[in-house]
file entry05.txt (compact mmCIF, C-alpha atoms)
# COMPACT_ATOMS: atom_id res chain seq x y z
CA MET A 1 4.99 -12.31 -0.12
CA SER A 2 3.90 -15.82 0.62
CA GLU A 3 2.98 -15.03 4.22
CA VAL A 4 -0.53 -14.00 3.28
CA PRO A 5 -2.28 -16.53 1.10
CA PRO A 6 -4.72 -14.89 -1.25
CA THR A 7 -8.17 -16.35 -0.71
CA ALA A 8 -10.29 -16.51 -3.81
CA ALA A 9 -13.20 -18.07 -1.98
CA PRO A 10 -15.35 -16.07 0.44
CA ASP A 11 -13.75 -16.06 3.84
CA PRO A 12 -16.23 -15.21 6.60
CA GLY A 13 -13.43 -14.59 9.11
CA HIS A 14 -11.94 -11.73 7.12
CA VAL A 15 -13.43 -8.58 5.68
CA ARG A 16 -12.59 -7.44 2.20
CA ALA A 17 -10.92 -4.07 2.47
CA LYS A 18 -11.38 -1.71 -0.46
CA SER A 19 -7.87 -0.43 0.10
CA VAL A 20 -5.07 -0.54 2.62
CA VAL A 21 -2.41 1.70 4.11
CA VAL A 22 1.10 0.24 4.21
CA VAL A 23 3.97 1.77 6.19
CA ASN A 24 7.60 0.72 5.64
CA THR A 25 9.74 2.13 8.42
CA GLY A 26 12.96 1.33 10.34
CA ASP A 27 16.66 2.01 9.91
CA GLY A 28 17.34 -0.80 7.45
CA LYS A 29 17.39 -1.04 3.70
CA GLY A 30 14.29 -1.84 1.73
CA LYS A 31 11.70 0.75 2.76
CA SER A 32 11.53 2.59 -0.53
CA THR A 33 12.65 -0.46 -2.47
CA ALA A 34 9.73 -2.51 -1.18
CA ALA A 35 7.39 0.36 -2.04
CA PHE A 36 8.72 0.26 -5.61
CA GLY A 37 8.20 -3.48 -5.62
CA LEU A 38 4.54 -2.81 -4.81
CA VAL A 39 4.47 -0.32 -7.67
CA LEU A 40 5.73 -3.08 -9.98
CA ARG A 41 3.04 -5.44 -8.71
CA ALA A 42 0.21 -2.91 -8.91
CA SER A 43 1.37 -1.88 -12.36
CA ALA A 44 0.93 -5.45 -13.54
CA ARG A 45 -2.69 -5.22 -12.37
CA GLY A 46 -3.19 -2.22 -14.58
CA TRP A 47 -3.59 0.20 -11.69
CA LYS A 48 -3.15 3.93 -12.04
CA ILE A 49 -0.22 4.77 -9.78
CA ALA A 50 1.50 7.89 -8.50
CA VAL A 51 4.76 8.19 -6.59
CA VAL A 52 5.51 11.40 -4.68
CA GLN A 53 9.02 11.97 -3.39
CA PHE A 54 9.21 14.12 -0.28
CA LEU A 55 12.95 14.65 -0.18
CA LYS A 56 14.83 16.62 -2.75
CA SER A 57 17.40 13.83 -3.19
CA GLY A 58 15.58 12.66 -6.25
CA LYS A 59 18.66 11.55 -8.10
CA TRP A 60 19.05 8.56 -5.80
CA HIS A 61 15.88 7.12 -7.23
CA VAL A 62 16.63 7.82 -10.86
CA GLY A 63 16.74 4.10 -11.61
CA GLU A 64 13.32 3.44 -10.17
CA GLU A 65 11.95 6.60 -11.70
CA GLU A 66 13.00 5.62 -15.21
CA ALA A 67 11.74 2.06 -14.95
CA ALA A 68 8.49 3.20 -13.30
CA ARG A 69 7.82 5.79 -15.99
CA ARG A 70 8.30 3.08 -18.60
CA LEU A 71 5.53 1.19 -16.79
CA GLY A 72 3.24 4.22 -16.95
CA VAL A 73 3.65 5.35 -13.34
CA GLU A 74 3.27 9.07 -12.63
CA TRP A 75 6.32 10.23 -10.78
CA TRP A 76 6.42 13.50 -8.88
CA SER A 77 9.74 14.86 -7.78
CA ILE A 78 10.88 18.42 -7.59
CA GLY A 79 12.93 19.64 -10.51
CA GLU A 80 16.34 21.23 -10.39
CA GLY A 81 15.15 24.75 -11.08
CA PHE A 82 12.72 24.86 -8.19
CA THR A 83 12.26 28.28 -6.64
CA TRP A 84 10.10 29.22 -3.71
CA ASP A 85 8.62 32.43 -2.44
CA SER A 86 9.18 32.50 1.26
CA PRO A 87 12.58 33.57 2.57
CA ASP A 88 11.64 31.87 5.85
CA LEU A 89 11.80 28.36 4.41
CA SER A 90 14.76 26.25 3.44
CA GLU A 91 14.58 24.76 -0.04
CA ASP A 92 14.17 21.28 1.46
CA GLU A 93 11.25 22.44 3.53
CA ALA A 94 9.64 24.18 0.57
CA VAL A 95 10.01 21.00 -1.49
CA ALA A 96 8.37 18.93 1.22
CA LYS A 97 5.43 21.34 1.52
CA GLU A 98 5.01 21.38 -2.23
CA ALA A 99 5.14 17.59 -2.33
CA TRP A 100 2.51 17.30 0.36
CA GLY A 101 0.17 19.73 -1.39
CA HIS A 102 0.47 17.62 -4.52
CA ALA A 103 0.05 14.32 -2.67
CA ARG A 104 -2.98 15.51 -0.71
CA ALA A 105 -4.71 16.54 -3.93
CA LEU A 106 -3.84 13.21 -5.57
CA ILE A 107 -5.23 11.21 -2.66
CA ALA A 108 -8.42 13.24 -2.43
CA ALA A 109 -9.05 13.09 -6.18
CA GLY A 110 -9.32 9.32 -5.96
CA GLU A 111 -8.13 8.73 -9.51
CA HIS A 112 -5.12 6.62 -8.50
CA ARG A 113 -5.40 3.17 -6.99
CA LEU A 114 -1.96 3.51 -5.42
CA VAL A 115 -0.24 6.61 -4.08
CA VAL A 116 3.29 6.19 -2.71
CA LEU A 117 4.46 8.83 -0.24
CA ASP A 118 8.18 8.19 -0.40
CA GLU A 119 10.16 9.37 2.65
CA VAL A 120 7.16 11.28 3.98
CA THR A 121 8.04 10.52 7.59
CA TYR A 122 11.02 12.87 7.58
CA PRO A 123 9.17 16.14 6.88
CA MET A 124 6.43 14.94 9.24
CA ASN A 125 8.93 14.43 12.05
CA TRP A 126 10.77 17.66 11.29
CA GLY A 127 7.54 19.64 11.48
CA TRP A 128 7.80 20.76 7.86
CA ILE A 129 4.41 19.35 7.06
CA GLU A 130 1.49 18.91 9.43
CA GLY A 131 1.44 15.28 10.54
CA GLY A 132 -2.19 15.50 11.60
CA ASP A 133 -3.13 16.70 8.14
CA VAL A 134 -1.29 13.78 6.51
CA VAL A 135 -3.03 11.25 8.75
CA ASP A 136 -6.44 12.89 8.26
CA SER A 137 -6.00 12.84 4.49
CA ILE A 138 -5.09 9.17 4.59
CA ARG A 139 -7.97 8.24 6.89
CA SER A 140 -10.52 10.15 4.83
CA ARG A 141 -9.22 8.97 1.44
CA PRO A 142 -11.56 7.67 -1.25
CA GLU A 143 -12.14 4.02 -0.49
CA ARG A 144 -10.24 2.52 -3.39
CA VAL A 145 -7.05 4.54 -2.94
CA ASN A 146 -4.20 2.51 -1.42
CA VAL A 147 -1.44 4.48 0.27
CA VAL A 148 2.15 3.36 0.93
CA ALA A 149 4.28 5.59 3.16
CA THR A 150 8.01 5.13 3.75
CA GLY A 151 10.72 6.55 5.98
CA ARG A 152 12.43 6.05 9.32
CA ASP A 153 10.66 6.68 12.62
CA ALA A 154 7.08 6.56 11.38
CA PRO A 155 4.99 8.80 13.69
CA GLU A 156 2.63 6.89 15.98
CA ALA A 157 -0.47 8.44 14.40
CA LEU A 158 0.65 7.19 11.00
CA VAL A 159 1.27 3.69 12.38
CA ASP A 160 -2.20 3.79 13.97
CA ALA A 161 -3.78 4.72 10.63
CA ALA A 162 -1.95 1.91 8.80
CA ASP A 163 -3.15 -1.60 8.10
CA THR A 164 0.30 -3.09 7.59
CA VAL A 165 3.50 -1.81 9.15
CA THR A 166 6.95 -3.33 8.65
CA ASP A 167 9.98 -2.27 10.63
CA MET A 168 13.02 -2.82 8.44
CA VAL A 169 15.94 -3.40 10.77
CA ASN A 170 19.54 -3.02 9.67
CA VAL A 171 21.32 -6.23 10.66
CA LYS A 172 24.39 -5.59 8.57
CA HIS A 173 25.13 -3.06 5.89
CA ALA A 174 27.89 -3.15 3.32
CA PHE A 175 28.48 0.59 3.72
CA ASP A 176 29.11 0.25 7.45
CA ARG A 177 31.71 -2.36 6.61
CA GLY A 178 33.66 -0.16 4.26
CA VAL A 179 32.02 -1.06 0.97
CA ARG A 180 31.01 1.86 -1.22
CA ALA A 181 27.49 2.23 -2.52
CA LEU A 182 27.08 0.26 -5.72
CA ARG A 183 25.35 1.72 -8.75
CA GLY A 184 22.44 -0.52 -9.75
CA ILE A 185 21.97 -1.89 -6.24
CA ASP A 186 22.17 1.07 -3.81
CA TYR A 187 21.09 3.77 -6.25
CA MET B 188 17.27 4.29 -0.11
CA SER B 189 18.61 7.59 1.00
CA GLU B 190 20.60 6.07 3.88
CA VAL B 191 23.60 5.42 1.67
CA PRO B 192 24.70 8.44 -0.30
CA PRO B 193 26.29 7.44 -3.58
CA THR B 194 29.78 8.81 -3.78
CA ALA B 195 30.90 9.78 -7.24
CA ALA B 196 34.26 11.00 -6.04
CA PRO B 197 36.95 8.57 -4.91
CA ASP B 198 36.45 7.73 -1.27
CA PRO B 199 39.61 6.37 0.30
CA GLY B 200 37.66 5.11 3.31
CA HIS B 201 35.54 2.72 1.29
CA VAL B 202 36.43 0.03 -1.21
CA ARG B 203 34.54 -0.31 -4.43
CA ALA B 204 32.92 -3.75 -4.44
CA LYS B 205 32.39 -5.35 -7.82
CA SER B 206 29.17 -6.83 -6.52
CA VAL B 207 27.29 -7.40 -3.30
CA VAL B 208 25.14 -10.02 -1.63
CA VAL B 209 21.88 -8.76 -0.13
CA VAL B 210 19.69 -10.80 2.22
CA ASN B 211 16.12 -9.77 3.07
CA THR B 212 14.86 -11.84 5.99
CA GLY B 213 12.43 -11.60 8.93
CA ASP B 214 8.73 -12.31 9.52
CA GLY B 215 7.43 -9.03 8.07
CA LYS B 216 6.24 -7.99 4.64
CA GLY B 217 8.63 -6.65 2.09
CA LYS B 218 11.33 -9.28 1.68
CA SER B 219 10.43 -10.33 -1.85
CA THR B 220 8.88 -6.96 -2.62
CA ALA B 221 12.13 -5.15 -1.85
CA ALA B 222 13.97 -7.67 -4.03
CA PHE B 223 11.62 -6.81 -6.89
CA GLY B 224 12.25 -3.16 -6.20
CA LEU B 225 15.95 -3.87 -6.74
CA VAL B 226 15.05 -5.63 -9.97
CA LEU B 227 13.25 -2.48 -11.08
CA ARG B 228 16.29 -0.37 -10.22
CA ALA B 229 18.82 -2.69 -11.84
CA SER B 230 16.62 -2.96 -14.90
CA ALA B 231 16.80 0.78 -15.32
CA ARG B 232 20.58 0.43 -15.39
CA GLY B 233 20.28 -1.97 -18.28
CA TRP B 234 21.48 -4.97 -16.26
CA LYS B 235 20.79 -8.53 -17.29
CA ILE B 236 18.69 -9.96 -14.50
CA ALA B 237 17.34 -13.35 -13.49
CA VAL B 238 14.80 -14.18 -10.78
CA VAL B 239 14.55 -17.76 -9.52
CA GLN B 240 11.58 -18.73 -7.37
CA PHE B 241 12.29 -21.53 -4.93
CA LEU B 242 8.74 -22.22 -3.82
CA LYS B 243 6.05 -23.59 -6.06
CA SER B 244 3.59 -20.86 -5.07
CA GLY B 245 4.44 -18.97 -8.23
CA LYS B 246 0.95 -17.59 -8.71
CA TRP B 247 1.39 -15.22 -5.79
CA HIS B 248 4.03 -13.38 -7.74
CA VAL B 249 2.20 -13.26 -11.03
CA GLY B 250 2.01 -9.48 -10.84
CA GLU B 251 5.74 -9.05 -10.42
CA GLU B 252 6.45 -11.73 -12.95
CA GLU B 253 4.42 -10.03 -15.66
CA ALA B 254 5.83 -6.58 -14.99
CA ALA B 255 9.37 -7.93 -14.74
CA ARG B 256 9.08 -9.83 -18.01
CA ARG B 257 7.93 -6.62 -19.64
CA LEU B 258 11.19 -5.08 -18.41
CA GLY B 259 13.20 -7.92 -19.95
CA VAL B 260 13.90 -9.85 -16.74
CA GLU B 261 14.35 -13.62 -17.04
CA TRP B 262 11.98 -15.29 -14.63
CA TRP B 263 12.34 -18.91 -13.59
CA SER B 264 9.44 -20.58 -11.86
CA ILE B 265 8.26 -24.11 -12.12
CA GLY B 266 5.38 -24.73 -14.51
CA GLU B 267 2.11 -26.39 -13.64
CA GLY B 268 2.86 -29.63 -15.47
CA PHE B 269 6.10 -30.28 -13.59
CA THR B 270 6.86 -33.98 -13.08
CA TRP B 271 9.79 -35.48 -11.25
CA ASP B 272 11.48 -38.82 -11.28
CA SER B 273 12.12 -39.78 -7.70
CA PRO B 274 9.24 -41.23 -5.68
CA ASP B 275 11.18 -40.28 -2.54
CA LEU B 276 10.74 -36.55 -3.05
CA SER B 277 7.69 -34.38 -2.54
CA GLU B 278 6.86 -32.14 -5.47
CA ASP B 279 7.83 -29.07 -3.42
CA GLU B 280 11.21 -30.57 -2.66
CA ALA B 281 11.74 -31.53 -6.28
CA VAL B 282 10.89 -27.98 -7.35
CA ALA B 283 13.38 -26.52 -4.88
CA LYS B 284 16.17 -28.83 -6.04
CA GLU B 285 15.40 -28.02 -9.67
CA ALA B 286 15.40 -24.30 -8.86
CA TRP B 287 18.75 -24.54 -7.11
CA GLY B 288 20.32 -26.44 -10.00
CA HIS B 289 19.17 -23.67 -12.30
CA ALA B 290 20.26 -20.86 -9.99
CA ARG B 291 23.69 -22.38 -9.37
CA ALA B 292 24.32 -22.58 -13.10
CA LEU B 293 23.11 -19.00 -13.61
CA ILE B 294 25.39 -17.65 -10.89
CA ALA B 295 28.43 -19.58 -12.12
CA ALA B 296 27.88 -18.56 -15.75
CA GLY B 297 28.34 -14.92 -14.79
CA GLU B 298 26.14 -13.59 -17.57
CA HIS B 299 23.67 -11.88 -15.22
CA ARG B 300 24.54 -8.85 -13.13
CA LEU B 301 21.73 -9.64 -10.69
CA VAL B 302 20.39 -13.04 -9.64
CA VAL B 303 17.46 -13.05 -7.20
CA LEU B 304 17.00 -16.23 -5.14
CA ASP B 305 13.44 -15.70 -4.02
CA GLU B 306 12.47 -17.60 -0.85
CA VAL B 307 15.63 -19.65 -0.98
CA THR B 308 15.94 -19.76 2.82
CA TYR B 309 13.01 -22.16 3.19
CA PRO B 310 14.42 -25.11 1.23
CA MET B 311 17.81 -24.38 2.84
CA ASN B 312 16.29 -24.61 6.30
CA TRP B 313 14.19 -27.64 5.45
CA GLY B 314 17.25 -29.51 4.20
CA TRP B 315 15.87 -29.79 0.67
CA ILE B 316 18.92 -28.12 -0.80
CA GLU B 317 22.42 -28.13 0.61
CA GLY B 318 22.93 -24.84 2.44
CA GLY B 319 26.71 -25.16 2.25
CA ASP B 320 26.51 -25.52 -1.50
CA VAL B 321 24.35 -22.38 -1.78
CA VAL B 322 26.78 -20.36 0.33
CA ASP B 323 29.82 -21.72 -1.54
CA SER B 324 28.26 -20.83 -4.88
CA ILE B 325 27.54 -17.32 -3.68
CA ARG B 326 31.03 -16.84 -2.23
CA SER B 327 32.75 -18.12 -5.36
CA ARG B 328 30.53 -16.27 -7.81
CA PRO B 329 31.97 -14.30 -10.74
CA GLU B 330 32.91 -10.90 -9.39
CA ARG B 331 30.24 -8.84 -11.14
CA VAL B 332 27.28 -11.02 -10.21
CA ASN B 333 25.11 -9.49 -7.47
CA VAL B 334 22.93 -11.89 -5.50
CA VAL B 335 19.77 -11.09 -3.55
CA ALA B 336 18.34 -13.84 -1.34
CA THR B 337 14.99 -13.64 0.45
CA GLY B 338 13.03 -15.61 3.04
CA ARG B 339 12.47 -15.97 6.77
CA ASP B 340 15.13 -17.25 9.14
CA ALA B 341 18.14 -16.73 6.91
CA PRO B 342 20.76 -19.34 7.90
CA GLU B 343 23.78 -17.94 9.72
CA ALA B 344 26.20 -18.99 6.97
CA LEU B 345 24.13 -17.03 4.44
CA VAL B 346 24.10 -13.96 6.70
CA ASP B 347 27.87 -14.30 7.08
CA ALA B 348 28.32 -14.38 3.32
CA ALA B 349 26.11 -11.31 2.81
CA ASP B 350 27.19 -7.69 2.58
CA THR B 351 23.79 -6.25 3.50
CA VAL B 352 21.16 -7.95 5.65
CA THR B 353 17.80 -6.47 6.57
CA ASP B 354 15.46 -8.06 9.10
CA MET B 355 11.92 -7.13 8.12
CA VAL B 356 9.88 -7.20 11.28
CA ASN B 357 6.11 -7.48 11.28
CA VAL B 358 4.83 -4.63 13.47
CA LYS B 359 1.25 -4.90 12.34
CA HIS B 360 -0.36 -6.78 9.51
CA ALA B 361 -3.78 -6.22 7.97
CA PHE B 362 -4.35 -9.97 7.69
CA ASP B 363 -3.83 -10.49 11.43
CA ARG B 364 -6.45 -7.86 12.00
CA GLY B 365 -9.14 -9.52 9.93
CA VAL B 366 -8.53 -7.85 6.59
CA ARG B 367 -8.31 -10.16 3.60
CA ALA B 368 -5.38 -10.13 1.24
CA LEU B 369 -5.92 -7.48 -1.41
CA ARG B 370 -5.21 -8.15 -5.06
CA GLY B 371 -2.67 -5.64 -6.38
CA ILE B 372 -1.14 -5.10 -2.95
CA ASP B 373 -0.71 -8.50 -1.32
CA TYR B 374 -0.53 -10.57 -4.50
call {"tool": "encode", "arguments": {"input": "entry05.txt", "output": "structure tokens"}}
result
Amino acid sequence: MSEVPPTAAPDPGHVRAKSVVVVNTGDGKGKSTAAFGLVLRASARGWKIAVVQFLKSGKWHVGEEEAARRLGVEWWSIGEGFTWDSPDLSEDEAVAKEAWGHARALIAAGEHRLVVLDEVTYPMNWGWIEGGDVVDSIRSRPERVNVVATGRDAPEALVDAADTVTDMVNVKHAFDRGVRALRGIDY
Amino acid sequence: MSEVPPTAAPDPGHVRAKSVVVVNTGDGKGKSTAAFGLVLRASARGWKIAVVQFLKSGKWHVGEEEAARRLGVEWWSIGEGFTWDSPDLSEDEAVAKEAWGHARALIAAGEHRLVVLDEVTYPMNWGWIEGGDVVDSIRSRPERVNVVATGRDAPEALVDAADTVTDMVNVKHAFDRGVRALRGIDY
């Protein structure tokens, strides 16, 4: 990340933020992977970190989850035996709502320096969770809580609330060219 | 990385690659960070991994370096006391050449399942290392060695040699908006 030189000396042209909001969006690879890279970095600083997965497809992140847990990261993903009360909700929707309830409490508690909302844009865009509530929670977070949100098609209000937004554009993908996903690289 | 579902069952439409080449390029954040995310994932698979830094600005990655070393990753970056023989080279250029010599040997040896060439595009574009040699080494690598290359303006020959290329586009960056780089997030 050599684009932004860290400045140890006081820099009158820039303010020192207590925390930032980072959004990784776009159709390319690297959104969640870059978020996990930030987890690795923050972990080395001794930060208390939580990752919340918003989609039920938790198995795809099993590699990151194992390595992150070894680094002391708290990892929230819904278990296999999840049951939900309302017959009006799909299981995926129930998982997303549950994840958001957990994430909102984590952010508000202010005990973690980094909270990763992995793939949160999907339930926001599908109307499963209230986008305005997500953005409000992020904007009113305790000042030392950094938030990283990932997923395609980040809603405009989330982009507005963010300090740093990267659009990860798929130039070329092995899968599109007939190469199967590779264990260790793709999952 | 939910875009590419892992397929456990045989999939006649896709070939199983022994390894892939991933390029993270563009002016946005996340190129190196996503590479370190892949390191985290591959580490959880028990892979032998090496990271080679091509720019001397090693201190910016100290967070990743420490966490990665804790995970058993071999990390190559030039030390502070580096001296070089030729008066015709700048120190930066000498570092890049040294890094490439090391990386080329690592790739050819085939002992690592993942070799990360961090910020390799810069010395390629500046003519400090021979781009054709980099691409040849990658193309003729042992079949189980995965390579991830990062940096802006990936040369066309490198993109051609890659299986997966993501262009990380800067939509908005805290630093451009007067917010100083934040320890734990930016470095």
call {"tool": "residues_around", "arguments": {"input": "entry05.txt", "residues": "range 114-125 of chain A", "least_positions_apart": "4", "cutoff": "6 Å", "atoms": "all atoms listed in the file", "output": "list in words"}}
result
Ile49, Ala50, Val51, Val52, Gln53, Phe54, Ile129, Gly131, Val145, Asn146, Val147, Val148, Ala149, Thr150, Gly151 and Ala154 of chain A
call {"tool": "residues_around", "arguments": {"input": "entry05.txt", "residues": "Phe223 in chain B", "least_positions_apart": "6", "cutoff": "8 Å", "atoms": "all atoms listed in the file", "output": "list in words"}}
result
Thr33, Ala34, Phe36, Gly37 and Leu40 of chain A; Glu251 of chain B
call {"tool": "residues_around", "arguments": {"input": "entry05.txt", "residues": "range 321-329 of chain B", "least_positions_apart": "3", "cutoff": "8 Å", "atoms": "only C-alpha atoms", "output": "NGL selection string"}}
result
:B and (208 or 291 or 294-297 or 316-318 or 332 or 334 or 344-345 or 348)
call {"tool": "closest_residue", "arguments": {"input": "entry05.txt", "among": "A:Val22, A:Ala44, A:Ala105, A:Val95", "to": "chain B", "atoms": "only C-alpha atoms"}}
result
A:Ala44
call {"tool": "residues_near_point", "arguments": {"input": "entry05.txt", "point": "(13.0, -5.2, 12.6)", "cutoff": "7 Å", "atoms": "all atoms listed in the file", "output": "PyMOL selection string"}}
result
(chain A and resi 26+167-169) or (chain B and resi 354-356)
call {"tool": "write_last_selection", "arguments": {"input": "entry05.txt", "atoms": "C-alpha atoms", "output": "compact mmCIF listing (two decimals), in the frame of the given file"}}
result
# COMPACT_ATOMS: atom_id res chain seq x y z
CA GLY A 26 12.96 1.33 10.34
CA ASP A 167 9.98 -2.27 10.63
CA MET A 168 13.02 -2.82 8.44
CA VAL A 169 15.94 -3.40 10.77
CA ASP B 354 15.46 -8.06 9.10
CA MET B 355 11.92 -7.13 8.12
CA VAL B 356 9.88 -7.20 11.28
call {"tool": "closest_residue", "arguments": {"input": "entry05.txt", "among": "A:Leu55, A:Val171, A:Val159, A:Ala68", "to": "Glu91 in chain A", "atoms": "all atoms listed in the file"}}
result
A:Leu55
call {"tool": "closest_residue", "arguments": {"input": "entry05.txt", "among": "A:Arg177, A:Lys56, A:Arg152, A:Arg41", "to": "Arg256 in chain B", "atoms": "all atoms listed in the file"}}
result
A:Arg41
call {"tool": "atom_distance", "arguments": {"input": "entry05.txt", "atom1": "CA of Gly250 in chain B", "atom2": "CA of Gly371 in chain B"}}
result
7.5 Å
call {"tool": "residues_around", "arguments": {"input": "entry05.txt", "residues": "Asn357 in chain B", "least_positions_apart": "6", "cutoff": "10 Å", "atoms": "only C-alpha atoms", "output": "PDB file with C-alpha atoms, keeping the file's coordinate frame"}}
result
ATOM      1  CA  THR A 164       0.300  -3.090   7.590  1.00  0.00           C
ATOM      2  CA  VAL A 165       3.500  -1.810   9.150  1.00  0.00           C
ATOM      3  CA  THR A 166       6.950  -3.330   8.650  1.00  0.00           C
ATOM      4  CA  ASP A 167       9.980  -2.270  10.630  1.00  0.00           C
ATOM      5  CA  MET A 168      13.020  -2.820   8.440  1.00  0.00           C
TER       6      MET A 168
ATOM      7  CA  GLY B 213      12.430 -11.600   8.930  1.00  0.00           C
ATOM      8  CA  ASP B 214       8.730 -12.310   9.520  1.00  0.00           C
ATOM      9  CA  GLY B 215       7.430  -9.030   8.070  1.00  0.00           C
ATOM     10  CA  LYS B 216       6.240  -7.990   4.640  1.00  0.00           C
ATOM     11  CA  GLY B 217       8.630  -6.650   2.090  1.00  0.00           C
TER      12      GLY B 217
END
call {"tool": "closest_residue", "arguments": {"input": "entry05.txt", "among": "A:Thr25, A:Trp47, A:Glu98, A:Ala35", "to": "Arg370 in chain B", "atoms": "all atoms listed in the file"}}
result
A:Trp47
call {"tool": "closest_residue", "arguments": {"input": "entry05.txt", "among": "A:Glu143, A:Arg113, A:His102, A:Phe82", "to": "chain B", "atoms": "only C-alpha atoms"}}
result
A:Arg113
call {"tool": "atom_distance", "arguments": {"input": "entry05.txt", "atom1": "CA of Val207 in chain B", "atom2": "CA of Asp350 in chain B"}}
result
5.9 Å
call {"tool": "closest_residue", "arguments": {"input": "entry05.txt", "among": "A:Asp186, A:Asp160, A:Asp176, A:Asp133", "to": "Val23 in chain A", "atoms": "only C-alpha atoms"}}
result
A:Asp160
call {"tool": "atom_distance", "arguments": {"input": "entry05.txt", "atom1": "CA of Leu71 in chain A", "atom2": "CA of Ala181 in chain A"}}
result
26.2 Å
call {"tool": "decode", "arguments": {"input": "entry05.txt", "residues": "range 324-329 of chain B", "atoms": "all heavy atoms", "output": "PDB file, in the first residue's frame"}}
result
ATOM      1  N   SER B 324       9.922 -16.422 -16.698  1.00  0.00           N
ATOM      2  CA  SER B 324      10.050 -17.221 -15.464  1.00  0.00           C
ATOM      3  C   SER B 324       8.694 -17.675 -14.965  1.00  0.00           C
ATOM      4  O   SER B 324       8.546 -18.798 -14.477  1.00  0.00           O
ATOM      5  CB  SER B 324      10.737 -16.398 -14.372  1.00  0.00           C
ATOM      6  OG  SER B 324      12.063 -16.153 -14.718  1.00  0.00           O
ATOM      7  N   ILE B 325       7.727 -16.768 -15.058  1.00  0.00           N
ATOM      8  CA  ILE B 325       6.376 -17.107 -14.603  1.00  0.00           C
ATOM      9  C   ILE B 325       5.773 -18.179 -15.511  1.00  0.00           C
ATOM     10  O   ILE B 325       5.203 -19.171 -15.048  1.00  0.00           O
ATOM     11  CB  ILE B 325       5.494 -15.845 -14.545  1.00  0.00           C
ATOM     12  CG1 ILE B 325       5.966 -14.930 -13.401  1.00  0.00           C
ATOM     13  CG2 ILE B 325       4.019 -16.213 -14.400  1.00  0.00           C
ATOM     14  CD1 ILE B 325       5.260 -13.585 -13.335  1.00  0.00           C
ATOM     15  N   ARG B 326       5.914 -17.991 -16.825  1.00  0.00           N
ATOM     16  CA  ARG B 326       5.328 -18.959 -17.765  1.00  0.00           C
ATOM     17  C   ARG B 326       5.969 -20.337 -17.652  1.00  0.00           C
ATOM     18  O   ARG B 326       5.309 -21.349 -17.850  1.00  0.00           O
ATOM     19  CB  ARG B 326       5.453 -18.450 -19.206  1.00  0.00           C
ATOM     20  CG  ARG B 326       4.506 -17.285 -19.541  1.00  0.00           C
ATOM     21  CD  ARG B 326       4.423 -17.099 -21.063  1.00  0.00           C
ATOM     22  NE  ARG B 326       3.576 -15.998 -21.472  1.00  0.00           N
ATOM     23  CZ  ARG B 326       2.250 -16.067 -21.643  1.00  0.00           C
ATOM     24  NH1 ARG B 326       1.620 -17.210 -21.386  1.00  0.00           N
ATOM     25  NH2 ARG B 326       1.562 -15.018 -22.036  1.00  0.00           N
ATOM     26  N   SER B 327       7.235 -20.384 -17.337  1.00  0.00           N
ATOM     27  CA  SER B 327       7.931 -21.681 -17.296  1.00  0.00           C
ATOM     28  C   SER B 327       8.088 -22.205 -15.873  1.00  0.00           C
ATOM     29  O   SER B 327       8.912 -23.083 -15.603  1.00  0.00           O
ATOM     30  CB  SER B 327       9.311 -21.547 -17.948  1.00  0.00           C
ATOM     31  OG  SER B 327      10.104 -20.627 -17.224  1.00  0.00           O
ATOM     32  N   ARG B 328       7.266 -21.693 -14.974  1.00  0.00           N
ATOM     33  CA  ARG B 328       7.384 -22.104 -13.570  1.00  0.00           C
ATOM     34  C   ARG B 328       6.994 -23.578 -13.382  1.00  0.00           C
ATOM     35  O   ARG B 328       6.203 -24.114 -14.174  1.00  0.00           O
ATOM     36  CB  ARG B 328       6.480 -21.225 -12.697  1.00  0.00           C
ATOM     37  CG  ARG B 328       4.986 -21.514 -12.887  1.00  0.00           C
ATOM     38  CD  ARG B 328       4.120 -20.426 -12.287  1.00  0.00           C
ATOM     39  NE  ARG B 328       2.706 -20.772 -12.349  1.00  0.00           N
ATOM     40  CZ  ARG B 328       1.960 -20.648 -13.445  1.00  0.00           C
ATOM     41  NH1 ARG B 328       2.468 -20.185 -14.578  1.00  0.00           N
ATOM     42  NH2 ARG B 328       0.684 -20.986 -13.411  1.00  0.00           N
ATOM     43  N   PRO B 329       7.489 -24.207 -12.325  1.00  0.00           N
ATOM     44  CA  PRO B 329       7.003 -25.549 -11.970  1.00  0.00           C
ATOM     45  C   PRO B 329       5.486 -25.530 -11.796  1.00  0.00           C
ATOM     46  O   PRO B 329       4.934 -24.530 -11.307  1.00  0.00           O
ATOM     47  CB  PRO B 329       7.719 -25.829 -10.649  1.00  0.00           C
ATOM     48  CG  PRO B 329       8.955 -24.998 -10.701  1.00  0.00           C
ATOM     49  CD  PRO B 329       8.557 -23.749 -11.421  1.00  0.00           C
TER      50      PRO B 329
END
